[in-house]
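Student: Have a look at this one.
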Amino acid sequence: MLTGRRILLGVSGGVAAFKAAYLARRLVERGAEVRAIMTRSAREFIGAQTLAAITGSPPSEDLFGADSVSPHTDLAGWSDLLVIAPATAATMARLANGLSDDLLSATALAFVGPVVVAPAMHTEMWEQPATQRNLALLKADGVHTVGPVSGALAGGDEGPGRMSEPEEIVDAIEIVLGGGALSGTRVLVSAGGTREPIDPVRYLGNRSSGKMGTAVAEEAAARGAEVTLVTTAELPVSDAVAVVVVETADEMADAVWNRTGEVDVAVLAAAVADFKPQDAAGSKLRRASGPPDVKLVPTPDILAGVASQDDRPFLVGFAAEAGPAEQAVGKAAAKGVDFLVANDVTLPDAGFGTDTNRVTIIRPTGDTDEWPVMSKRQVAARLWDLIQGERASS
Ligand code: PMT
């Protein structure tokens with residue numbers, strides 16, 4: 001929650017400016033007091049009246065002609081955090097170079113608290129060395145960035161440069177301001193499907209997209225946890241999540257086992273191969289040589305390895321079932337977890353690649369609790385509510 005927090009929302013001129021209204025609404029809903037600053041170009045994309053109606057006060061627009069003799073220092077002194085969404089390439093350049101030629105950049109320069117920037121621009125502009133240089137400068141100055149993500153852009157284009165959704169920006173703000181329910185909790189999450197090489201170009205793999213595990217990691221970070229995500233899937237995540245990219249079950253086992261001694265909670269949502277080719281061919285297998293004789297050997301059981309650690313963290317495993325989730329009841333007892341989150345991956349709204357999931361919580365005692373279909377982020381939120389409750393009562 002952001003109750004009592006004073007947040008200054010800078011809006012610069014891009015199509016994503018309409019999302020600033022949603023962002024202002026989300027911030028107000030979470031208890032923040034919000035004031036807005038619009039740049040001259042932002043006025044071409046969103047009406048001042050819209051922001052005034054949501055925040056309860058008219059947005060500030062100019063350095064000169066305002067009631068105050070020093071609007072930029074007044075606004076800077078008033079706020080606990082400055083968020084700029086959308087941040088155009090021009091606004092990022094002003095901030096990175098300390099320019100103060102409009103109200104927003106002058107206020108940013110006068111402000112000494114945390115700054116969160118949500119860039120939004122076309123892919124070509126985002127990828128320009130100049131923009132990337134400015135981004136690096138901003139990060140070096142301690143500015144927090146959220147996104148951009150890949151997706152639909154103005155003019156029918158598609159690619160990296162789309163502003164993150166308002167909910168993600170609010171999550172980032174909550175993390176920066178601290179004090180979440182998981183503040184001080186160290187968390188490790190695994191995500192994605194491992195790939196076991198057959199030769200330099202082919203692998204044994206599975207259909208996991210990494211969305212479920214990434215949602216679990218993002219939700220934990222939004223609640224203030226210190227999160228490490230060990231993943232095979234490089235999905236966009238907030239800066240607050242430390243990402244370790246791996247490919248094979250062996251690499252994932254090393255990355256997880258090396259860290260689980262230092263975390264309070266581990267949630268293993270990755271789809272790990274149970275078998276791998278014994279010897280990956282050193283060069284590409286040729287069709288002309290006929291079907292290869294690929295001998296499979298077991299991979300390490302990562303979850304069981306964590307479960308057997310002396311001082312193991314609170315441990316949650318996932319279970320992918322091709323049929324009713326209750327099939328995993330035996331697994332919950334065998335795996336030595338606090339509980340399993342089982343999903344039937346044959347359902348259209350659950351499992352691999354979907355944005356939703358339908359899970360059943362299975363305890364080692366055999367007790368089950370079936371949850372309705374929800375977005376993966378909502379599953380993650382309910383999962384963390386459950387973990388927090390269980391840890392608090394143990
Ligand atoms: O990534 P998405 O596209 O969003 O899809 C989400 C998901 C379907 C991958 C996820 O919800 C899920 O079910 N993850 C677990 C997949 C899985 O490997 O299930 P399993 O029943 O085979 O394994 C049970 C548990 O043992 C899992 O926690 C797994 O990480 C772990 N395991 C399995 C094999 C192995 N060698 N080591 C392990 O640690």
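Naming scheme: A, B, ... for chains in displayed order of the structure tokens; residues 1 onward per chain; ligands 1 onward as shown.
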Can you list, as number ranges by chain, every residue of stretch 224-385 of chain A that DSSP puts in strand (DSSP E)?

Tutor: A: 226-231, 241-245, 265-268, 275-277, 296-298, 314-321, 339-344, 356-357, 359-362, 368-370, 374-375

Student: Write the selection just made, keeping C-alpha atoms, as a compact mmCIF listing (two decimals), in the first residue's frame?

Tutor:
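Resulting contents of out-v4.txt:
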```txt
# COMPACT_ATOMS: atom_id res chain seq x y z
CA GLU A 226 14.73 -9.83 -2.25
CA VAL A 227 14.17 -12.12 -5.22
CA THR A 228 16.43 -14.30 -7.37
CA LEU A 229 14.82 -15.85 -10.44
CA VAL A 230 16.65 -18.84 -11.94
CA THR A 231 15.14 -19.20 -15.38
CA VAL A 241 14.39 -9.21 -9.51
CA ALA A 242 17.92 -10.64 -9.87
CA VAL A 243 17.82 -12.94 -12.89
CA VAL A 244 20.12 -15.95 -13.40
CA VAL A 245 19.71 -17.43 -16.87
CA VAL A 265 11.46 -19.33 0.66
CA ALA A 266 12.02 -21.32 -2.55
CA VAL A 267 9.27 -21.74 -5.13
CA LEU A 268 10.31 -24.16 -7.89
CA PHE A 275 16.17 -37.22 -18.49
CA LYS A 276 18.94 -35.90 -20.70
CA PRO A 277 21.00 -37.42 -23.50
CA LEU A 296 19.02 -41.01 -21.89
CA VAL A 297 20.21 -40.72 -18.28
CA PRO A 298 18.43 -39.09 -15.30
CA PHE A 314 10.08 -22.95 3.14
CA LEU A 315 9.64 -25.05 0.01
CA VAL A 316 6.93 -24.96 -2.63
CA GLY A 317 7.04 -27.15 -5.73
CA PHE A 318 4.85 -27.11 -8.80
CA ALA A 319 3.55 -30.27 -10.46
CA ALA A 320 2.52 -30.55 -14.09
CA GLU A 321 -0.06 -33.28 -14.52
CA PHE A 339 3.04 -27.91 -0.40
CA LEU A 340 2.72 -28.51 -4.13
CA VAL A 341 0.91 -26.37 -6.67
CA ALA A 342 -0.47 -28.83 -9.20
CA ASN A 343 -1.90 -27.92 -12.59
CA ASP A 344 -3.51 -30.01 -15.30
CA THR A 356 -4.12 -18.01 -16.91
CA ASN A 357 -3.80 -21.03 -14.66
CA VAL A 359 -4.21 -24.87 -9.79
CA THR A 360 -4.83 -27.20 -6.87
CA ILE A 361 -2.83 -26.84 -3.66
CA ILE A 362 -1.75 -30.24 -2.39
CA THR A 368 -6.24 -30.49 -1.43
CA ASP A 369 -7.63 -27.03 -2.22
CA GLU A 370 -8.79 -26.29 -5.75
CA MET A 374 -7.13 -16.86 -12.60
CA SER A 375 -4.40 -14.91 -14.36
```

Student: Could you pull the residues within 12 Å of A:Met92, counting only C-alpha atoms, minus those fewer than 5 positions along the same chain, as a ChimeraX atom specification?

Tutor: /A:10-13,84-87,97-100,104-105,108,115-121,125-126,130-139,143,145

Student: Which residues form the shell of 8 Å around ligand 1 when you count only C-alpha atoms and all ligand atoms, given as an MDAnalysis selection string?

Tutor: chainID A and resid 190:193 207:214 249 253 267:275 298:305 316:321 328 331 335 340:345 350:355 357 376

Student: Enter the distance from atom CA of A:Gly31 to atom CA of A:Trp371, in Å, rounded to one decimal.

Tutor: 29.0 Å

Student: Compile the contact shell of A:Ala48 as a list in words: residues with an atom at most 9 Å away, counting only C-alpha atoms, same-chain residues fewer than 6 positions apart removed.

Tutor: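 Counting only C-alpha atoms, the residues come to Met38, Pro58, Pro59, Ser60 and Glu61 of chain A.
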
Student: Would you return as a PyMOL selection string the members of stretch 37-123 of chain A that DSSP assigns to helix (DSSP H, G or I) on this structure's backbone?

Tutor: chain A and resi 41-44+48-55+71-78+89-96+103-110+123

Student: Calculated over only C-alpha atoms, which of the candidates A:Glu29, A:Glu196, A:Asp310, A:Asp157 has the smallest distance to A:His122?

Tutor: A:Asp157

Student: Which neighbours of A:Leu2 fall inside 9 Å, counting only C-alpha atoms, when residues of the same chain fewer than 2 positions from it are skipped, and could you give them as a list of chain:residue names?

Tutor: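 After dropping sequence-adjacent residues, the list is A:Gly4, A:Arg5, A:Arg6, A:Leu27, A:Val28, A:Glu29, A:Arg30, A:Gly31, A:Ala32, A:Glu33, A:Ile173, A:Glu174, A:Leu177.
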
Student: Could you dump the residues just selected with all heavy atoms as a JSON list (two decimals), in the first residue's frame?

Tutor:
```
[["chain", "number", "residue", "atom", "x", "y", "z"],
["A", 4, "GLY", "N", -0.67, 7.50, 2.40],
["A", 4, "GLY", "CA", 0.06, 8.66, 2.93],
["A", 4, "GLY", "C", 1.27, 9.06, 2.11],
["A", 4, "GLY", "O", 1.91, 10.06, 2.41],
["A", 5, "ARG", "N", 1.60, 8.29, 1.07],
["A", 5, "ARG", "CA", 2.77, 8.63, 0.24],
["A", 5, "ARG", "C", 2.39, 9.73, -0.75],
["A", 5, "ARG", "O", 1.29, 9.72, -1.31],
["A", 5, "ARG", "CB", 3.26, 7.41, -0.54],
["A", 5, "ARG", "CG", 3.73, 6.29, 0.36],
["A", 5, "ARG", "CD", 4.89, 6.71, 1.22],
["A", 5, "ARG", "NE", 5.64, 5.57, 1.71],
["A", 5, "ARG", "CZ", 6.91, 5.61, 2.05],
["A", 5, "ARG", "NH1", 7.59, 6.74, 1.98],
["A", 5, "ARG", "NH2", 7.51, 4.53, 2.48],
["A", 6, "ARG", "N", 3.34, 10.64, -0.97],
["A", 6, "ARG", "CA", 3.10, 11.72, -1.94],
["A", 6, "ARG", "C", 3.88, 11.43, -3.21],
["A", 6, "ARG", "O", 5.12, 11.39, -3.17],
["A", 6, "ARG", "CB", 3.57, 13.04, -1.35],
["A", 6, "ARG", "CG", 2.72, 13.45, -0.17],
["A", 6, "ARG", "CD", 3.36, 14.61, 0.52],
["A", 6, "ARG", "NE", 2.39, 15.34, 1.29],
["A", 6, "ARG", "CZ", 2.63, 16.50, 1.87],
["A", 6, "ARG", "NH1", 3.82, 17.07, 1.77],
["A", 6, "ARG", "NH2", 1.69, 17.10, 2.56],
["A", 27, "LEU", "N", -2.52, 4.52, -8.37],
["A", 27, "LEU", "CA", -1.78, 5.09, -7.24],
["A", 27, "LEU", "C", -2.75, 5.62, -6.19],
["A", 27, "LEU", "O", -2.57, 5.40, -4.99],
["A", 27, "LEU", "CB", -0.85, 6.21, -7.72],
["A", 27, "LEU", "CG", 0.34, 5.77, -8.58],
["A", 27, "LEU", "CD1", 1.02, 6.97, -9.23],
["A", 27, "LEU", "CD2", 1.34, 4.97, -7.75],
["A", 28, "VAL", "N", -3.79, 6.32, -6.66],
["A", 28, "VAL", "CA", -4.79, 6.86, -5.72],
["A", 28, "VAL", "C", -5.50, 5.71, -5.01],
["A", 28, "VAL", "O", -5.70, 5.74, -3.79],
["A", 28, "VAL", "CB", -5.80, 7.77, -6.48],
["A", 28, "VAL", "CG1", -6.99, 8.13, -5.60],
["A", 28, "VAL", "CG2", -5.09, 9.03, -6.99],
["A", 29, "GLU", "N", -5.83, 4.64, -5.78],
["A", 29, "GLU", "CA", -6.51, 3.48, -5.17],
["A", 29, "GLU", "C", -5.66, 2.86, -4.07],
["A", 29, "GLU", "O", -6.18, 2.33, -3.10],
["A", 29, "GLU", "CB", -6.77, 2.40, -6.23],
["A", 29, "GLU", "CG", -7.97, 2.70, -7.10],
["A", 29, "GLU", "CD", -8.04, 1.77, -8.32],
["A", 29, "GLU", "OE1", -7.15, 0.91, -8.49],
["A", 29, "GLU", "OE2", -8.98, 1.95, -9.08],
["A", 30, "ARG", "N", -4.34, 2.92, -4.23],
["A", 30, "ARG", "CA", -3.47, 2.32, -3.20],
["A", 30, "ARG", "C", -3.15, 3.31, -2.08],
["A", 30, "ARG", "O", -2.27, 3.06, -1.25],
["A", 30, "ARG", "CB", -2.18, 1.79, -3.82],
["A", 30, "ARG", "CG", -2.49, 0.69, -4.81],
["A", 30, "ARG", "CD", -1.47, -0.40, -4.83],
["A", 30, "ARG", "NE", -1.65, -1.22, -6.02],
["A", 30, "ARG", "CZ", -0.84, -2.16, -6.41],
["A", 30, "ARG", "NH1", 0.23, -2.42, -5.71],
["A", 30, "ARG", "NH2", -1.07, -2.87, -7.49],
["A", 31, "GLY", "N", -3.82, 4.42, -2.06],
["A", 31, "GLY", "CA", -3.72, 5.33, -0.91],
["A", 31, "GLY", "C", -2.77, 6.48, -1.09],
["A", 31, "GLY", "O", -2.57, 7.27, -0.15],
["A", 32, "ALA", "N", -2.15, 6.62, -2.27],
["A", 32, "ALA", "CA", -1.18, 7.71, -2.45],
["A", 32, "ALA", "C", -1.89, 9.03, -2.76],
["A", 32, "ALA", "O", -3.00, 9.05, -3.29],
["A", 32, "ALA", "CB", -0.23, 7.38, -3.60],
["A", 33, "GLU", "N", -1.21, 10.12, -2.39],
["A", 33, "GLU", "CA", -1.65, 11.44, -2.82],
["A", 33, "GLU", "C", -0.83, 11.74, -4.08],
["A", 33, "GLU", "O", 0.40, 11.61, -4.05],
["A", 33, "GLU", "CB", -1.31, 12.44, -1.71],
["A", 33, "GLU", "CG", -2.07, 13.73, -1.80],
["A", 33, "GLU", "CD", -1.65, 14.68, -0.68],
["A", 33, "GLU", "OE1", -1.28, 14.19, 0.42],
["A", 33, "GLU", "OE2", -1.67, 15.87, -0.91],
["A", 173, "ILE", "N", 7.03, 1.03, -7.87],
["A", 173, "ILE", "CA", 7.02, 2.15, -6.92],
["A", 173, "ILE", "C", 6.95, 1.61, -5.48],
["A", 173, "ILE", "O", 7.67, 2.07, -4.59],
["A", 173, "ILE", "CB", 5.84, 3.09, -7.22],
["A", 173, "ILE", "CG1", 6.09, 3.83, -8.53],
["A", 173, "ILE", "CG2", 5.57, 4.06, -6.07],
["A", 173, "ILE", "CD1", 4.90, 4.61, -9.06],
["A", 174, "GLU", "N", 6.11, 0.59, -5.29],
["A", 174, "GLU", "CA", 5.99, 0.02, -3.95],
["A", 174, "GLU", "C", 7.31, -0.60, -3.50],
["A", 174, "GLU", "O", 7.70, -0.48, -2.34],
["A", 174, "GLU", "CB", 4.86, -1.02, -3.90],
["A", 174, "GLU", "CG", 3.50, -0.35, -3.90],
["A", 174, "GLU", "CD", 2.35, -1.30, -3.65],
["A", 174, "GLU", "OE1", 2.49, -2.50, -3.97],
["A", 174, "GLU", "OE2", 1.31, -0.85, -3.16],
["A", 177, "LEU", "N", 9.72, 2.24, -2.61],
["A", 177, "LEU", "CA", 9.39, 2.89, -1.34],
["A", 177, "LEU", "C", 9.49, 1.92, -0.16],
["A", 177, "LEU", "O", 9.51, 2.33, 1.00],
["A", 177, "LEU", "CB", 8.00, 3.52, -1.40],
["A", 177, "LEU", "CG", 7.93, 4.79, -2.27],
["A", 177, "LEU", "CD1", 6.49, 5.29, -2.39],
["A", 177, "LEU", "CD2", 8.82, 5.90, -1.72]]
```

Student: Using only C-alpha atoms, which residue out of A:Gly178, A:Gly161, A:Gly366, A:Pro166 lies closest to A:Ala21?

Tutor: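 When distances to A:Ala21 are compared using only C-alpha atoms, the smallest one comes from A:Pro166.
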
Student: One decimal, in Å: what's the spacing between atom CA of A:Gln378 and atom CA of A:Leu51?

Tutor: 28.1 Å

Student: For A:Asp385, list every protein, DNA or RNA residue within 12 Å, evaluated using only C-alpha atoms, and leave out those in the same chain fewer than 6 positions away; present the list as a PyMOL selection string.

Tutor: chain A and resi 181-182+216+219-220+223+378-379+391-392

Student: Closest to A:Gly65 among A:Ala96, A:Ala20, A:Val306, A:Leu103, using only C-alpha atoms?

Tutor: A:Leu103

Student: Could you please determine the separation between atom CA of A:Gly224 and atom CA of A:Gly142 in Å, to one decimal place?

Tutor: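 Computing the Euclidean distance for atom CA of A:Gly224 and atom CA of A:Gly142 yields 18.1 Å.
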
Student: Applying 7 Å and only C-alpha atoms, which residues near A:Leu8 remain after dropping the ones on its own chain fewer than 2 positions away? List them as number ranges by chain.

Tutor: A: 6, 10, 34-36, 79, 81-83

Student: Between A:Ser164, A:Arg25, A:Arg202, A:Thr39, which has the minimum distance to A:Ala52 (counting only C-alpha atoms)?

Tutor: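 For A:Ala52, the nearest of the candidates is A:Arg25.
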